[in-house]
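Below: the structure, in structure tokens.
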Amino acid sequence: MLRFRDFSIPKKLTWMNLLVSGAALVLASAGFFLYDLYNFRTGTVRNLGIEAQIIGANSVSALEFDDPHSAENTLSALQAAPHVMSAEIYTPDGNAFAGYRRDHSGTFPPPPPIPTGQEEVHRFQRGEVALVQLITFRKKPVATIYIRSDLQAMHDRERNFAFIVATVFLFSLLAATWMSSIASRSIAEPIVHLARTARIVLSEKNYSVRASPTGGRNEVATLILTFNEMLAQIQERDAALGVAHDRLEQQVQERTAQLDAANADLEAFSYSVSHDLRAPLRHISAFSQLLREEYGSKMEPDAQQYLSRIQNGVKNMGRLIDDLLRLAQLGRKKLVSEATDLNSMLKDVLADLQSECQDRQIDWQIGDLSSVVCDSGLVRQVFANLISNAVKYTRKREIAIIEVGQVEEDGVSVIFVRDNGAGFDEKYAGKLFGVFQRLHRAEDFEGTGVGLSTVQRIVKKHGGEVWAKGEVDKGATFFFALTAKGQRLVGETKAAIAGA
Amino acid sequence: MVALACALVRPASMRGQASKPTEYEVKAAYLYNFGRFVEWPATVTQAQSDSFSICVLGQDPFGPSLNAILANETIAGKNVVARQISTPQDAVNCRVLFISSSESARLKQILAALGDASVLTVSDLPQFTQRGGMVQFILEGSRVRFEVNLATARHAGLKLSSELLKVAVNVRKGAPLGD
């Protein structure tokens, strides 16, 4: 059952009309009914009194000359008044003189006494009205008449009244319903129409719809006008926004194109530079090797030392060029995605690093990794770079602890590589992944400063993310996820792992 | 019923008497009641001064009861008095004249002497109304009834109320016999 509050406005109006008119009708009917009842009772009593008076006047001689038969003849005229149940004439000393019974039988109790000074007493009792009338003749009391009438006429009247009231009620309610339908057409319909329009606007996001105006000058008309005005403003604003958006889009496209071009240029440049640097380097390497083989025995120890330095430098430079070439190639390379078992990949990477780990005491803590869809060649490079970094920066530890594992965060796998090595100052964490950016001196830890940059490019190419946590001399942890996570979730993951 | 009726018609002065009313006590009350249901012509009501006389001609059968009943009673504002008369000529000032049974022999002369005088004549005599009287008492068992001769009363200028005629046993409308 709906509460009245939730009724639609037309329904509310109809109900209000019905209630108001119904209440007015009920009150008016009740008042009229009571008034009529009162009038009818008074009239009944008055008529009965008149009847008693007439009977009395016509019975005086019968009384005076002791002729009950004549009195009964007079009384029998009451047959014409079917409502009279009985009438009796009593002598002043209370003896029955003559009587009339509508149904010719039955006895009745004696009449109630008339208080002195009154000529008439009446009483309503159990569906009848009884009246006692004192009859005087030439100012002398000659008899009392006790007359009783049923209230059938009154009941008939009440029934008729109830029927009329019910009929009037029915027609009034019909009229009220009809009128409220007219009222709702002029009041509620514009509001209902407005509500429907508002719903359409909201559900279809269609701001070109307009509520049809009522034409009047009332509040509803103002409401509709204002509503349409608001829609127009929203439309204008939408149009302006659309233009701004298009312009912005175009600018972004232009900038992206420029950026792509610049990147391509830069990559082509670094590739050609690296490639072109190789040829002279090969010469230096080859001829310094020849120099060592052919003349190494004839050289002073100092010269041999210098030669070694040259050859080390050449080797470093070669590695640097290789790294740069690989980094440059990443930009051009397309991802080749395939299902990859990270566990076996990790095993291969560790095997390749075996040579670097000779003479080292390393406590490997390898967790279980999942299978993912990725470019296995590139991801292998990520693992290789991160783990070789860990091996490198734990070199000064008597026992190195290197942990590789995976945690699940909101359905995204985050892989981490943790070591107990030199660590870094988190103030400079932002610089970790920049090209040629190094936080350690080359004298302490050799390196090109390209590795982590490569890692970041690979992970980003997969749509993932990489980040690091660390502390000087307490080790570092590198995290990467190959699937993008929301910034917030990434933060939570970081916090969770840091706390673990 | 007679006892009840008498109790009803007996004037206030007689109330309280426990004994059953006699025939003439009832008749005395009726004489008084006739006075209340008959209308005399204006010449009579205006001419006569202060009293309403009910007269008895001949041997009085009522004894003291008539005086007792009429004591303190009024009709149309006049004191009702009982008078004993011996000749019809004395009846001129009477409103109601009761002719005793003792006058049976000279009834004709009495009525002739009254002529058209506006006097209501009442008697126990048999065939009184046929013989020119107006109201005649009749006994129905122990009940006192009466019959009237409307024509005679009208001739004397008296108007008998319909109420009175209603309770009369018989109402004669023909002209009086004899004369």
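Residue numbers start at 1 in each chain; chains themselves are named A, B, ... in the order of the structure tokens; ligands are numbered from 1 in the order shown.
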Inset, instruction - At a cut-off of 12 Å, list the chain A residues touching chain B, using only C-alpha atoms, as JSON, numbers by chain. - result: {"A": [56, 57, 58, 59, 60, 61, 62, 63, 64, 65, 66, 67, 68, 69, 70, 71, 72, 73, 74, 90, 91, 92, 93, 94, 95, 96, 97, 98, 137, 138, 139, 140, 141, 142, 143]}
Inset, instruction - Quick one: pick out all alpha helix (DSSP H) residues within chain B from a backbone DSSP run and write them as a PyMOL selection string. - result: chain B and resi 2-9+23-37+42-47+65-70+107-114+150-155+162-167
Inset, instruction - Find the residues near Asn170 in chain B: any atom within 7 Å, counting only C-alpha atoms, skip ones fewer than 2 places away on the same chain, and give them as an MDAnalysis selection string. - result: chainID B and resid 147:148 168 172
For the selection just defined, write its residues with N, CA and C atoms to a file, as a short mmCIF file (atom, residue, chain, number, x, y, z; two decimals), in the first residue's frame.
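Result saved to out24.cif:
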data_model
loop_
_atom_site.label_atom_id
_atom_site.label_comp_id
_atom_site.auth_asym_id
_atom_site.auth_seq_id
_atom_site.Cartn_x
_atom_site.Cartn_y
_atom_site.Cartn_z
N GLU B 147 -83.40 10.80 24.99
CA GLU B 147 -83.63 11.09 23.58
C GLU B 147 -84.12 12.53 23.47
N VAL B 148 -83.94 13.10 22.28
CA VAL B 148 -84.28 14.52 22.12
C VAL B 148 -85.20 14.69 20.91
N ALA B 168 -77.17 11.15 22.36
CA ALA B 168 -78.60 10.89 22.56
C ALA B 168 -78.97 9.53 21.98
N ARG B 172 -85.33 12.97 17.40
CA ARG B 172 -86.52 13.15 16.54
C ARG B 172 -86.40 14.49 15.84
#
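Residue nearest Ser51 in chain B within the list B:Asn72, B:Ser86, B:Thr22, B:Ser101: B:Asn72 [criterion: smallest interatomic distance, only C-alpha atoms].
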Legend entry - Computed interatomic separation between CA of Pro126 in chain B and CA of Glu140 in chain B (Å): 13.7 Å
Inset, instruction - Using CA of Val26 in chain A and CA of Ile182 in chain A as the two end points, give the distance in Å to one decimal. - result: 23.6 Å
Legend entry - Non-local contacts of Lys392 in chain A (9 Å; only C-alpha atoms; under 3 positions in same chain excluded) as number ranges by chain: A: 356, 387-389, 395-396, 421, 445-446
Legend entry - Non-local contacts of range 87-90 of chain B (7 Å; only C-alpha atoms; under 6 positions in same chain excluded) as a PyMOL selection string: chain B and resi 110+113-114
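Backbone DSSP of range 34-108 of chain B yields strand (DSSP E) at Val38, Glu39, Ser51, Phe52, Ser53, Ile54, Cys55, Val56, Leu57, Thr74, Ile75, Lys78, Asn79, Val80, Val81, Ala82, Arg83, Gln84, Ile85, Val96, Leu97, Phe98 and Ile99 of chain B.
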For the selection you just gave me, I'd like the residues written to a file as a PDB file, in the first residue's frame, keeping C-alpha atoms.
ATOM      1  CA  VAL B  38     -77.355  23.899  24.634  1.00  0.00           C
ATOM      2  CA  GLU B  39     -77.182  27.400  23.245  1.00  0.00           C
ATOM      3  CA  SER B  51     -78.310  33.454  37.297  1.00  0.00           C
ATOM      4  CA  PHE B  52     -78.894  30.315  35.298  1.00  0.00           C
ATOM      5  CA  SER B  53     -82.092  28.708  36.637  1.00  0.00           C
ATOM      6  CA  ILE B  54     -82.854  25.022  36.527  1.00  0.00           C
ATOM      7  CA  CYS B  55     -86.484  24.705  37.544  1.00  0.00           C
ATOM      8  CA  VAL B  56     -88.533  21.726  38.745  1.00  0.00           C
ATOM      9  CA  LEU B  57     -92.290  21.793  38.090  1.00  0.00           C
ATOM     10  CA  THR B  74     -71.451  28.343  36.834  1.00  0.00           C
ATOM     11  CA  ILE B  75     -72.444  28.177  33.189  1.00  0.00           C
ATOM     12  CA  LYS B  78     -73.591  32.738  35.643  1.00  0.00           C
ATOM     13  CA  ASN B  79     -74.378  30.995  38.877  1.00  0.00           C
ATOM     14  CA  VAL B  80     -76.516  27.950  38.440  1.00  0.00           C
ATOM     15  CA  VAL B  81     -79.497  27.819  40.795  1.00  0.00           C
ATOM     16  CA  ALA B  82     -82.326  25.319  41.287  1.00  0.00           C
ATOM     17  CA  ARG B  83     -85.848  26.607  41.658  1.00  0.00           C
ATOM     18  CA  GLN B  84     -89.082  24.829  42.605  1.00  0.00           C
ATOM     19  CA  ILE B  85     -92.080  26.246  40.682  1.00  0.00           C
ATOM     20  CA  VAL B  96     -84.059  24.273  31.944  1.00  0.00           C
ATOM     21  CA  LEU B  97     -87.455  23.043  33.105  1.00  0.00           C
ATOM     22  CA  PHE B  98     -87.830  19.542  34.577  1.00  0.00           C
ATOM     23  CA  ILE B  99     -91.461  18.467  34.419  1.00  0.00           C
TER      24      ILE B  99
END
Legend entry - Nearest residue to Leu70 in chain B from the set B:Cys94, B:Asp50, B:Glu103, B:Glu25 (distances using only C-alpha atoms): B:Glu25
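Near Pro113 in chain A, within 12 Å and counting only C-alpha atoms, sit A:Tyr90, A:Pro92, A:Asp93, A:Gly94, A:Gln118, A:Glu119, A:Glu120, A:Val121, A:His122, A:Arg123, A:Leu131, A:Val132, A:Gln133, A:Leu134, A:Thr144, A:Ile145, A:Tyr146, not including residues fewer than 5 positions from it in the same chain.
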Include N, CA and C atoms and write out the residues we just selected as a PDB file, in the first residue's frame.
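File written: out-v7.pdb
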ATOM      1  N   TYR A  90     -59.110   8.197  29.732  1.00  0.00           N
ATOM      2  CA  TYR A  90     -59.214   7.936  31.171  1.00  0.00           C
ATOM      3  C   TYR A  90     -60.002   9.059  31.814  1.00  0.00           C
ATOM      4  N   PRO A  92     -60.829  11.604  34.955  1.00  0.00           N
ATOM      5  CA  PRO A  92     -59.847  12.341  35.765  1.00  0.00           C
ATOM      6  C   PRO A  92     -59.378  11.549  36.973  1.00  0.00           C
ATOM      7  N   ASP A  93     -60.220  10.611  37.477  1.00  0.00           N
ATOM      8  CA  ASP A  93     -59.712   9.848  38.623  1.00  0.00           C
ATOM      9  C   ASP A  93     -58.994   8.578  38.200  1.00  0.00           C
ATOM     10  N   GLY A  94     -58.619   8.493  36.913  1.00  0.00           N
ATOM     11  CA  GLY A  94     -57.669   7.458  36.519  1.00  0.00           C
ATOM     12  C   GLY A  94     -58.284   6.167  36.056  1.00  0.00           C
ATOM     13  N   GLN A 118     -49.245  21.162  33.781  1.00  0.00           N
ATOM     14  CA  GLN A 118     -48.994  20.831  32.372  1.00  0.00           C
ATOM     15  C   GLN A 118     -50.214  20.143  31.785  1.00  0.00           C
ATOM     16  N   GLU A 119     -50.356  20.267  30.488  1.00  0.00           N
ATOM     17  CA  GLU A 119     -51.496  19.640  29.840  1.00  0.00           C
ATOM     18  C   GLU A 119     -51.069  18.472  28.972  1.00  0.00           C
ATOM     19  N   GLU A 120     -49.751  18.345  28.770  1.00  0.00           N
ATOM     20  CA  GLU A 120     -49.314  17.328  27.819  1.00  0.00           C
ATOM     21  C   GLU A 120     -47.958  16.790  28.250  1.00  0.00           C
ATOM     22  N   VAL A 121     -47.818  15.482  28.168  1.00  0.00           N
ATOM     23  CA  VAL A 121     -46.524  14.848  28.440  1.00  0.00           C
ATOM     24  C   VAL A 121     -46.293  13.846  27.328  1.00  0.00           C
ATOM     25  N   HIS A 122     -45.053  13.821  26.804  1.00  0.00           N
ATOM     26  CA  HIS A 122     -44.782  12.770  25.808  1.00  0.00           C
ATOM     27  C   HIS A 122     -43.447  12.120  26.130  1.00  0.00           C
ATOM     28  N   ARG A 123     -43.305  10.932  25.601  1.00  0.00           N
ATOM     29  CA  ARG A 123     -42.096  10.170  25.918  1.00  0.00           C
ATOM     30  C   ARG A 123     -41.789   9.249  24.739  1.00  0.00           C
ATOM     31  N   LEU A 131     -48.010   9.708  24.332  1.00  0.00           N
ATOM     32  CA  LEU A 131     -48.371  11.070  24.698  1.00  0.00           C
ATOM     33  C   LEU A 131     -49.607  11.029  25.587  1.00  0.00           C
ATOM     34  N   VAL A 132     -49.573  11.796  26.651  1.00  0.00           N
ATOM     35  CA  VAL A 132     -50.729  11.914  27.538  1.00  0.00           C
ATOM     36  C   VAL A 132     -51.215  13.351  27.454  1.00  0.00           C
ATOM     37  N   GLN A 133     -52.510  13.495  27.124  1.00  0.00           N
ATOM     38  CA  GLN A 133     -53.054  14.845  26.924  1.00  0.00           C
ATOM     39  C   GLN A 133     -54.228  15.045  27.893  1.00  0.00           C
ATOM     40  N   LEU A 134     -54.182  16.147  28.601  1.00  0.00           N
ATOM     41  CA  LEU A 134     -55.277  16.461  29.513  1.00  0.00           C
ATOM     42  C   LEU A 134     -56.372  17.165  28.707  1.00  0.00           C
ATOM     43  N   THR A 144     -58.199  12.377  30.575  1.00  0.00           N
ATOM     44  CA  THR A 144     -56.852  12.354  30.009  1.00  0.00           C
ATOM     45  C   THR A 144     -56.868  11.338  28.880  1.00  0.00           C
ATOM     46  N   ILE A 145     -56.143  11.673  27.817  1.00  0.00           N
ATOM     47  CA  ILE A 145     -56.065  10.760  26.680  1.00  0.00           C
ATOM     48  C   ILE A 145     -54.634  10.252  26.593  1.00  0.00           C
ATOM     49  N   TYR A 146     -54.535   8.942  26.533  1.00  0.00           N
ATOM     50  CA  TYR A 146     -53.216   8.304  26.439  1.00  0.00           C
ATOM     51  C   TYR A 146     -53.131   7.712  25.052  1.00  0.00           C
TER      52      TYR A 146
END
Legend entry - For CA of Asp60 in chain B and CA of Gln127 in chain B, the interatomic separation in Å (one decimal): 20.1 Å
